[in-house]
file upload-v8.cif (mmCIF, C-alpha atoms and all ligand atoms)
data_protein
loop_
_atom_site.label_atom_id
_atom_site.label_comp_id
_atom_site.auth_asym_id
_atom_site.auth_seq_id
_atom_site.Cartn_x
_atom_site.Cartn_y
_atom_site.Cartn_z
CA MET A 1 197.96 22.86 -161.89
CA LYS A 2 199.44 23.08 -165.37
CA ARG A 3 201.40 20.06 -166.53
CA SER A 4 204.73 21.96 -166.68
CA ALA A 5 204.18 23.39 -163.19
CA MET A 6 203.42 19.90 -161.86
CA ILE A 7 206.64 18.52 -163.34
CA LEU A 8 208.62 21.39 -161.81
CA SER A 9 206.94 20.81 -158.44
CA LEU A 10 207.79 17.11 -158.49
CA ALA A 11 211.38 17.86 -159.47
CA VAL A 12 211.71 20.34 -156.60
CA THR A 13 210.27 17.79 -154.18
CA LEU A 14 212.77 15.15 -155.29
CA SER A 15 215.65 17.63 -155.14
CA LEU A 16 214.71 18.71 -151.60
CA THR A 17 214.42 15.09 -150.50
CA SER A 18 217.94 14.28 -151.65
CA SER A 19 219.50 17.38 -150.08
CA ILE A 20 217.85 16.72 -146.71
CA ALA A 21 219.22 13.16 -146.77
CA ALA A 22 222.75 14.52 -147.20
CA ARG A 23 222.56 16.70 -144.07
CA ALA A 24 222.90 15.73 -140.42
CA ALA A 25 220.01 13.87 -138.89
CA VAL A 26 218.63 14.43 -135.40
CA VAL A 27 219.76 11.62 -133.11
CA LYS A 28 217.85 12.80 -130.04
CA ALA A 29 216.40 15.98 -128.61
CA GLU A 30 215.14 17.39 -125.33
CA TYR A 31 212.23 19.82 -125.62
CA VAL A 32 210.77 19.12 -122.16
CA THR A 33 207.60 18.22 -124.00
CA GLY A 34 204.47 18.91 -122.00
CA GLY A 35 206.58 19.83 -118.98
CA THR A 36 208.33 16.46 -118.62
CA LEU A 37 211.78 15.43 -119.73
CA ASP A 38 212.01 13.64 -123.09
CA LEU A 39 215.44 12.11 -122.40
CA THR A 40 217.22 10.35 -119.54
CA TRP A 41 219.85 12.51 -117.84
CA THR A 42 222.68 11.33 -115.60
CA PRO A 43 224.27 13.68 -113.04
CA GLY A 44 228.04 14.11 -112.85
CA PHE A 45 230.80 15.11 -110.44
CA GLY A 46 229.34 12.95 -107.65
CA VAL A 47 226.52 15.38 -106.84
CA PRO A 48 222.84 14.52 -107.26
CA ASN A 49 221.93 17.74 -109.12
CA THR A 50 220.67 16.90 -112.56
CA LEU A 51 218.43 18.34 -115.25
CA GLU A 52 214.89 18.86 -113.98
CA PRO A 53 211.77 19.85 -115.93
CA LEU A 54 210.31 23.28 -115.26
CA VAL A 55 207.07 24.86 -116.46
CA LEU A 56 207.40 28.63 -116.51
CA SER A 57 204.63 31.07 -115.69
CA SER A 58 204.24 34.50 -117.20
CA GLY A 59 206.42 36.80 -115.15
CA ASP A 60 209.08 34.12 -114.57
CA GLY A 61 212.54 34.86 -115.95
CA GLY A 62 212.94 32.86 -119.14
CA TYR A 63 209.19 32.63 -119.79
CA SER A 64 209.64 33.79 -123.41
CA ASN A 65 211.78 30.80 -124.40
CA PRO A 66 212.61 30.51 -128.12
CA SER A 67 209.95 27.87 -128.86
CA ARG A 68 207.43 29.71 -126.65
CA ASP A 69 206.29 26.42 -125.10
CA HIS A 70 207.35 27.73 -121.65
CA THR A 71 208.70 24.29 -120.72
CA VAL A 72 212.42 24.18 -120.06
CA GLY A 73 215.08 22.19 -118.26
CA VAL A 74 216.79 23.59 -115.18
CA LEU A 75 220.18 22.56 -113.87
CA THR A 76 220.83 24.01 -110.42
CA ASN A 77 224.41 24.08 -109.17
CA ALA A 78 225.43 22.36 -105.94
CA ILE A 79 226.31 24.19 -102.75
CA PRO A 80 229.98 25.26 -102.35
CA ASP A 81 230.66 22.41 -99.86
CA GLU A 82 229.74 20.00 -102.67
CA GLY A 83 231.92 21.86 -105.18
CA GLY A 84 229.39 24.39 -106.49
CA ILE A 85 229.12 22.32 -109.64
CA SER A 86 226.45 20.50 -111.57
CA LEU A 87 226.53 18.58 -114.81
CA ALA A 88 223.85 16.47 -116.44
CA ALA A 89 224.63 14.29 -119.45
CA THR A 90 222.90 11.96 -121.85
CA PRO A 91 224.54 9.28 -124.02
CA PRO A 92 225.21 10.07 -127.70
CA ASP A 93 223.63 6.79 -128.83
CA GLY A 94 226.83 5.47 -130.37
CA TYR A 95 227.90 8.57 -132.31
CA ASP A 96 231.36 10.05 -131.71
CA ASP A 97 231.07 12.92 -134.21
CA TYR A 98 228.06 15.14 -133.75
CA SER A 99 226.72 18.61 -133.18
CA TRP A 100 225.22 19.48 -129.81
CA SER A 101 223.14 22.62 -129.50
CA ALA A 102 220.80 24.21 -127.00
CA ALA A 103 218.92 27.33 -126.16
CA ILE A 104 220.53 28.72 -123.02
CA PHE A 105 219.23 31.39 -120.64
CA THR A 106 221.75 33.87 -119.25
CA GLY A 107 219.75 34.38 -116.04
CA ALA A 108 221.61 36.73 -113.72
CA GLY A 109 224.88 35.92 -115.53
CA ASP A 110 226.23 34.71 -112.22
CA SER A 111 227.65 31.28 -113.02
CA ARG A 112 229.81 29.55 -115.61
CA ARG A 113 227.26 27.76 -117.74
CA GLY A 114 226.94 26.01 -121.06
CA LEU A 115 227.35 22.77 -122.96
CA VAL A 116 229.59 19.75 -122.56
CA VAL A 117 230.60 17.25 -125.24
CA ARG A 118 232.66 14.06 -125.27
CA ALA A 119 232.04 13.74 -121.50
CA GLN A 120 233.39 10.52 -119.96
CA GLU A 121 230.87 8.46 -118.05
CA SER A 122 233.71 6.42 -116.47
CA ASN A 123 234.76 9.26 -114.13
CA GLY A 124 231.46 11.05 -113.54
CA PHE A 125 232.06 13.34 -116.54
CA ALA A 126 235.11 14.92 -114.83
CA SER A 127 236.75 14.56 -118.26
CA CYS A 128 234.94 16.50 -120.98
CA TYR A 129 235.02 19.50 -123.27
CA GLN A 130 232.98 22.52 -122.21
CA PHE A 131 231.66 25.45 -124.22
CA VAL A 132 230.61 27.97 -121.60
CA ILE A 133 229.71 31.58 -121.00
CA GLN A 134 231.50 32.97 -117.97
CA PRO A 135 229.98 34.91 -115.05
CA GLY A 136 229.48 38.52 -116.10
CA LEU A 137 228.66 37.30 -119.63
CA LEU A 138 231.76 39.01 -121.04
CA GLN A 139 233.59 35.88 -122.13
CA LEU A 140 232.92 32.61 -123.91
CA SER A 141 235.39 29.79 -123.33
CA PHE A 142 236.07 26.37 -124.77
CA ARG A 143 237.72 24.29 -122.08
CA LYS A 144 238.97 20.77 -121.62
CA LEU A 145 238.69 19.02 -118.29
CA ILE A 146 240.77 15.90 -117.70
CA ASP A 147 239.88 14.34 -114.34
CA GLY A 148 238.65 17.78 -113.30
CA THR A 149 241.82 19.65 -114.29
CA PRO A 150 240.93 22.42 -116.74
CA THR A 151 242.79 23.66 -119.80
CA THR A 152 241.39 26.63 -121.70
CA LEU A 153 241.52 25.93 -125.43
CA GLY A 154 239.87 29.14 -126.65
CA THR A 155 238.46 32.41 -125.30
CA TRP A 156 236.31 35.04 -126.99
CA PHE A 157 234.97 38.38 -125.77
CA THR A 158 231.21 38.56 -126.24
CA THR A 159 231.57 42.26 -127.02
CA ASP A 160 233.10 41.12 -130.34
CA LEU A 161 230.00 39.07 -131.26
CA PRO A 162 227.64 40.40 -133.94
CA GLY A 163 224.97 40.68 -131.25
CA GLY A 164 227.34 42.23 -128.71
CA LEU A 165 227.35 41.57 -124.97
CA PRO A 166 224.44 39.24 -124.13
CA ALA A 167 221.90 40.76 -121.77
CA VAL A 168 221.05 39.16 -118.46
CA GLU A 169 217.74 37.27 -118.56
CA SER A 170 218.04 36.56 -122.29
CA TRP A 171 217.94 33.41 -124.41
CA HIS A 172 220.73 32.47 -126.82
CA GLN A 173 221.79 29.47 -128.82
CA MET A 174 225.06 27.66 -128.27
CA LYS A 175 226.35 24.87 -130.48
CA VAL A 176 229.44 22.67 -130.61
CA GLU A 177 230.29 20.62 -133.67
CA ALA A 178 232.69 17.83 -132.72
CA ASP A 179 234.23 16.11 -135.73
CA GLY A 180 237.23 13.93 -134.96
CA ALA A 181 239.75 16.18 -133.23
CA THR A 182 238.19 19.42 -134.50
CA PHE A 183 235.59 21.56 -132.76
CA HIS A 184 233.55 24.33 -134.36
CA LEU A 185 231.77 26.64 -131.91
CA TYR A 186 228.71 28.78 -132.57
CA PHE A 187 226.90 31.44 -130.57
CA ASP A 188 223.52 32.58 -131.90
CA GLY A 189 224.34 30.93 -135.21
CA ASN A 190 227.66 32.70 -135.73
CA GLU A 191 230.79 30.59 -135.75
CA LEU A 192 233.37 31.96 -133.36
CA PRO A 193 236.48 33.20 -135.17
CA GLY A 194 239.88 31.52 -135.16
CA GLY A 195 238.45 28.02 -135.33
CA PRO A 196 238.27 25.22 -135.46
CA ILE A 197 239.81 24.27 -132.14
CA VAL A 198 241.92 21.14 -132.55
CA ASP A 199 242.37 18.71 -129.66
CA ALA A 200 242.59 14.93 -129.83
CA ASP A 201 242.38 13.91 -126.15
CA LEU A 202 238.69 12.92 -126.00
CA GLY A 203 237.47 11.23 -129.16
CA SER A 204 234.05 10.15 -127.92
CA GLY A 205 231.68 10.73 -125.05
CA TRP A 206 228.33 11.96 -123.75
CA VAL A 207 226.70 15.34 -124.28
CA GLY A 208 225.22 17.54 -121.60
CA VAL A 209 224.92 20.81 -119.75
CA TYR A 210 227.05 22.37 -117.03
CA ASN A 211 226.64 25.00 -114.32
CA PHE A 212 229.30 26.13 -111.84
CA ARG A 213 229.87 28.82 -109.26
CA PHE A 214 232.52 28.20 -106.62
CA ASP A 215 231.08 30.28 -103.77
CA ILE A 216 227.28 30.25 -104.24
CA GLY A 217 224.98 27.26 -104.73
CA GLY A 218 221.38 27.00 -105.88
CA ILE A 219 221.85 29.05 -109.06
CA PRO A 220 219.41 27.89 -111.75
CA PHE A 221 220.55 27.42 -115.36
CA LEU A 222 217.61 27.22 -117.77
CA VAL A 223 218.03 25.36 -121.06
CA ASP A 224 215.68 24.17 -123.79
CA ASP A 225 215.62 22.62 -127.25
CA LEU A 226 218.76 20.55 -126.72
CA VAL A 227 219.44 18.76 -129.98
CA LEU A 228 222.00 16.11 -130.87
CA GLU A 229 222.60 15.72 -134.60
CA SER A 230 225.06 13.63 -136.55
CA GLU A 231 225.92 13.37 -140.22
CA ASP A 232 226.82 9.77 -139.45
CA ALA A 233 223.20 9.17 -138.42
CA THR A 234 222.22 9.27 -142.08
CA ALA A 235 224.79 6.53 -142.81
CA VAL A 236 222.61 4.01 -140.97
CA ALA A 237 219.95 4.27 -143.66
CA PRO A 238 221.43 6.30 -146.50
CA MET A 239 218.96 7.87 -148.92
CA THR A 240 220.43 6.57 -152.17
CA TRP A 241 219.03 7.48 -155.57
CA GLY A 242 217.68 3.93 -155.69
CA GLY A 243 215.94 4.53 -152.36
CA VAL A 244 214.46 7.78 -153.62
CA LYS A 245 213.17 6.01 -156.73
CA ALA A 246 211.67 3.23 -154.64
CA GLN A 247 209.99 5.73 -152.31
CA TYR A 248 208.71 7.90 -155.13
CA GLY A 249 208.28 5.14 -157.71
CA THR A 250 204.72 6.07 -158.50
CA VAL A 251 205.53 9.74 -158.74
CA LEU A 252 208.53 9.08 -161.00
CA HIS A 253 206.46 6.87 -163.22
CA ARG A 254 203.81 9.54 -163.53
CA ARG A 255 206.42 12.23 -164.14
CA SER A 256 208.05 10.11 -166.80
CA GLY A 257 204.70 9.64 -168.48
CA LEU A 258 204.05 13.37 -168.43
CA GLU A 259 207.44 14.09 -169.96
CA VAL A 260 206.78 11.62 -172.75
CA ALA A 261 203.31 13.05 -173.28
CA GLY A 262 204.72 16.57 -173.39
CA ARG A 263 207.15 15.91 -176.19
CA CA A 301 210.49 23.44 -124.23
#
call {"tool": "encode", "arguments": {"input": "upload-v8.cif", "output": "structure tokens"}}
result
Amino acid sequence: MKRSAMILSLAVTLSLTSSIAARAAVVKAEYVTGGTLDLTWTPGFGVPNTLEPLVLSSGDGGYSNPSRDHTVGVLTNAIPDEGGISLAATPPDGYDDYSWSAAIFTGAGDSRRGLVVRAQESNGFASCYQFVIQPGLLQLSFRKLIDGTPTTLGTWFTTDLPGGLPAVESWHQMKVEADGATFHLYFDGNELPGGPIVDADLGSGWVGVYNFRFDIGGIPFLVDDLVLESEDATAVAPMTWGGVKAQYGTVLHRRSGLEVAGR
């Protein structure tokens, strides 16, 4: 490599390192690695249904998951006598402001399904925010539940999305960014218009997944690649310029020498 190219390469490396440090860091993630759950999940709403690992075979709905590892989580809703609901949550490891994203499978489009954030462990997660796709796949909703009583904070028609109405048996990405009292919502990487939603009732809480159908139980909701990120996570060990210099001290020294030699 020519000397000038080497200097440029080192500069690019240092620049990339500092910009990565300024972005959100992954706090925890569930990939269902090797067909077993990576995280601990706690069921909500007083029913035992929780996230279970599932290894898909070719021919199974959802087999072509985004990461193509064919290992996913499944949350099956309870029978109607038990409320037709299921919710599984995992603690946010001390972070109140975070983004929570997942690959979600539409399946038959026959249940209300999606993500929950700021879910309260104290009442079995009956208080939480939910970002869900409704049965029929025509609507996305952002809802607040307080002790199980819902308030709809935002509604969007999926026909207005860049990708249009989601197909049954298709994978999509949903993401909620919770920052203080503001919530930014994304579907397949596109922020939903009219945001952010502002609501100050639940300032902290767990993250999870949700599946509900009032009159039919046993509906599977497949999810994968659930990722919790927080910008605050970088604050624990901030990558200062001093830290960069310490980490790349040798490289900087060499670069400095090259610059001097090049003059
Ligand atoms: Ca997986």
call {"tool": "atom_distance", "arguments": {"input": "upload-v8.cif", "atom1": "CA of Arg143 (chain A)", "atom2": "CA of Leu87 (chain A)"}}
result
14.5 Å
call {"tool": "atom_distance", "arguments": {"input": "upload-v8.cif", "atom1": "CA of Phe212 (chain A)", "atom2": "CA of Ala78 (chain A)"}}
result
8.0 Å
call {"tool": "atom_distance", "arguments": {"input": "upload-v8.cif", "atom1": "CA of Ala108 (chain A)", "atom2": "CA of Gly62 (chain A)"}}
result
10.9 Å
call {"tool": "closest_atom_pairs", "arguments": {"input": "upload-v8.cif", "of": "chain A", "to": "ligand CA 301 (chain A)", "cutoff": "12 Å", "atoms": "only C-alpha atoms and all ligand atoms", "output": "tab-separated table"}}
result
residue	atom	partner	partner_atom	distance
A:Ala29	CA	A:CA301	CA	10.5
A:Glu30	CA	A:CA301	CA	7.7
A:Tyr31	CA	A:CA301	CA	4.3
A:Val32	CA	A:CA301	CA	4.8
A:Thr33	CA	A:CA301	CA	6.0
A:Gly34	CA	A:CA301	CA	7.9
A:Gly35	CA	A:CA301	CA	7.5
A:Thr36	CA	A:CA301	CA	9.2
A:Leu37	CA	A:CA301	CA	9.3
A:Asp38	CA	A:CA301	CA	10.0
A:Pro53	CA	A:CA301	CA	9.1
A:Leu54	CA	A:CA301	CA	9.0
A:Val55	CA	A:CA301	CA	8.6
A:Leu56	CA	A:CA301	CA	9.8
A:Gly62	CA	A:CA301	CA	11.0
A:Tyr63	CA	A:CA301	CA	10.3
A:Ser64	CA	A:CA301	CA	10.4
A:Asn65	CA	A:CA301	CA	7.5
A:Pro66	CA	A:CA301	CA	8.3
A:Ser67	CA	A:CA301	CA	6.4
A:Arg68	CA	A:CA301	CA	7.4
A:Asp69	CA	A:CA301	CA	5.2
A:His70	CA	A:CA301	CA	5.9
A:Thr71	CA	A:CA301	CA	4.0
A:Val72	CA	A:CA301	CA	4.7
A:Gly73	CA	A:CA301	CA	7.6
A:Val74	CA	A:CA301	CA	11.0
A:Ala102	CA	A:CA301	CA	10.7
A:Ala103	CA	A:CA301	CA	9.5
A:Ile104	CA	A:CA301	CA	11.4
A:Leu222	CA	A:CA301	CA	10.3
A:Val223	CA	A:CA301	CA	8.4
A:Asp224	CA	A:CA301	CA	5.3
A:Asp225	CA	A:CA301	CA	6.0
A:Leu226	CA	A:CA301	CA	9.1
A:Val227	CA	A:CA301	CA	11.6
call {"tool": "residues_near_point", "arguments": {"input": "upload-v8.cif", "point": "(229.7, 29.5, -112.4)", "cutoff": "9 Å", "atoms": "all atoms listed in the file", "output": "list in words"}}
result
Asn77, Gly84, Ile85, Gly109, Asp110, Ser111, Arg112, Arg113, Ile133, Gln134, Pro135, Tyr210, Asn211, Phe212, Arg213, Phe214, Asp215, Ile216 and Ile219 of chain A
call {"tool": "residues_around", "arguments": {"input": "upload-v8.cif", "residues": "Pro43 (chain A)", "least_positions_apart": "5", "cutoff": "8 Å", "atoms": "all atoms listed in the file", "output": "MDAnalysis selection string"}}
result
chainID A and resid 48:51 86:89 124
call {"tool": "write_last_selection", "arguments": {"input": "upload-v8.cif", "atoms": "C-alpha atoms", "output": "CSV table (one decimal), in the coordinates of the input"}}
result
chain,number,residue,atom,x,y,z
A,48,PRO,CA,222.8,14.5,-107.3
A,49,ASN,CA,221.9,17.7,-109.1
A,50,THR,CA,220.7,16.9,-112.6
A,51,LEU,CA,218.4,18.3,-115.2
A,86,SER,CA,226.4,20.5,-111.6
A,87,LEU,CA,226.5,18.6,-114.8
A,88,ALA,CA,223.8,16.5,-116.4
A,89,ALA,CA,224.6,14.3,-119.4
A,124,GLY,CA,231.5,11.0,-113.5
call {"tool": "closest_residue", "arguments": {"input": "upload-v8.cif", "among": "A:Asp179, A:Phe125, A:Leu153, A:Ala25", "to": "Gly203 (chain A)", "atoms": "only C-alpha atoms"}}
result
A:Asp179
call {"tool": "closest_atom_pairs", "arguments": {"input": "upload-v8.cif", "of": "region 85-184 of chain A", "to": "region 193-200 of chain A", "cutoff": "8 Å", "atoms": "only C-alpha atoms", "output": "Markdown table"}}
result
| residue | atom | partner | partner_atom | distance |
| --- | --- | --- | --- | --- |
| A:Leu153 | CA | A:Ile197 | CA | 7.1 |
| A:Gly154 | CA | A:Ile197 | CA | 7.3 |
| A:Gly180 | CA | A:Ala200 | CA | 7.5 |
| A:Ala181 | CA | A:Ala200 | CA | 4.6 |
| A:Thr182 | CA | A:Val198 | CA | 4.5 |
| A:Phe183 | CA | A:Ile197 | CA | 5.1 |
| A:His184 | CA | A:Pro196 | CA | 4.9 |
call {"tool": "residues_around", "arguments": {"input": "upload-v8.cif", "residues": "Lys144 (chain A)", "least_positions_apart": "6", "cutoff": "10 Å", "atoms": "all atoms listed in the file", "output": "ChimeraX atom specification"}}
result
/A:116-119,126-131,150-154,199,201-202
call {"tool": "closest_residue", "arguments": {"input": "upload-v8.cif", "among": "A:Val207, A:Leu75, A:Leu115, A:Leu145", "to": "Leu228 (chain A)", "atoms": "all atoms listed in the file"}}
result
A:Val207
call {"tool": "closest_residue", "arguments": {"input": "upload-v8.cif", "among": "A:Trp100, A:Phe105, A:Phe45, A:Phe221", "to": "Ser170 (chain A)", "atoms": "all atoms listed in the file"}}
result
A:Phe105
call {"tool": "residues_around", "arguments": {"input": "upload-v8.cif", "residues": "Met174 (chain A)", "least_positions_apart": "3", "cutoff": "6 Å", "atoms": "all atoms listed in the file", "output": "ChimeraX atom specification"}}
result
/A:101-102,186-187
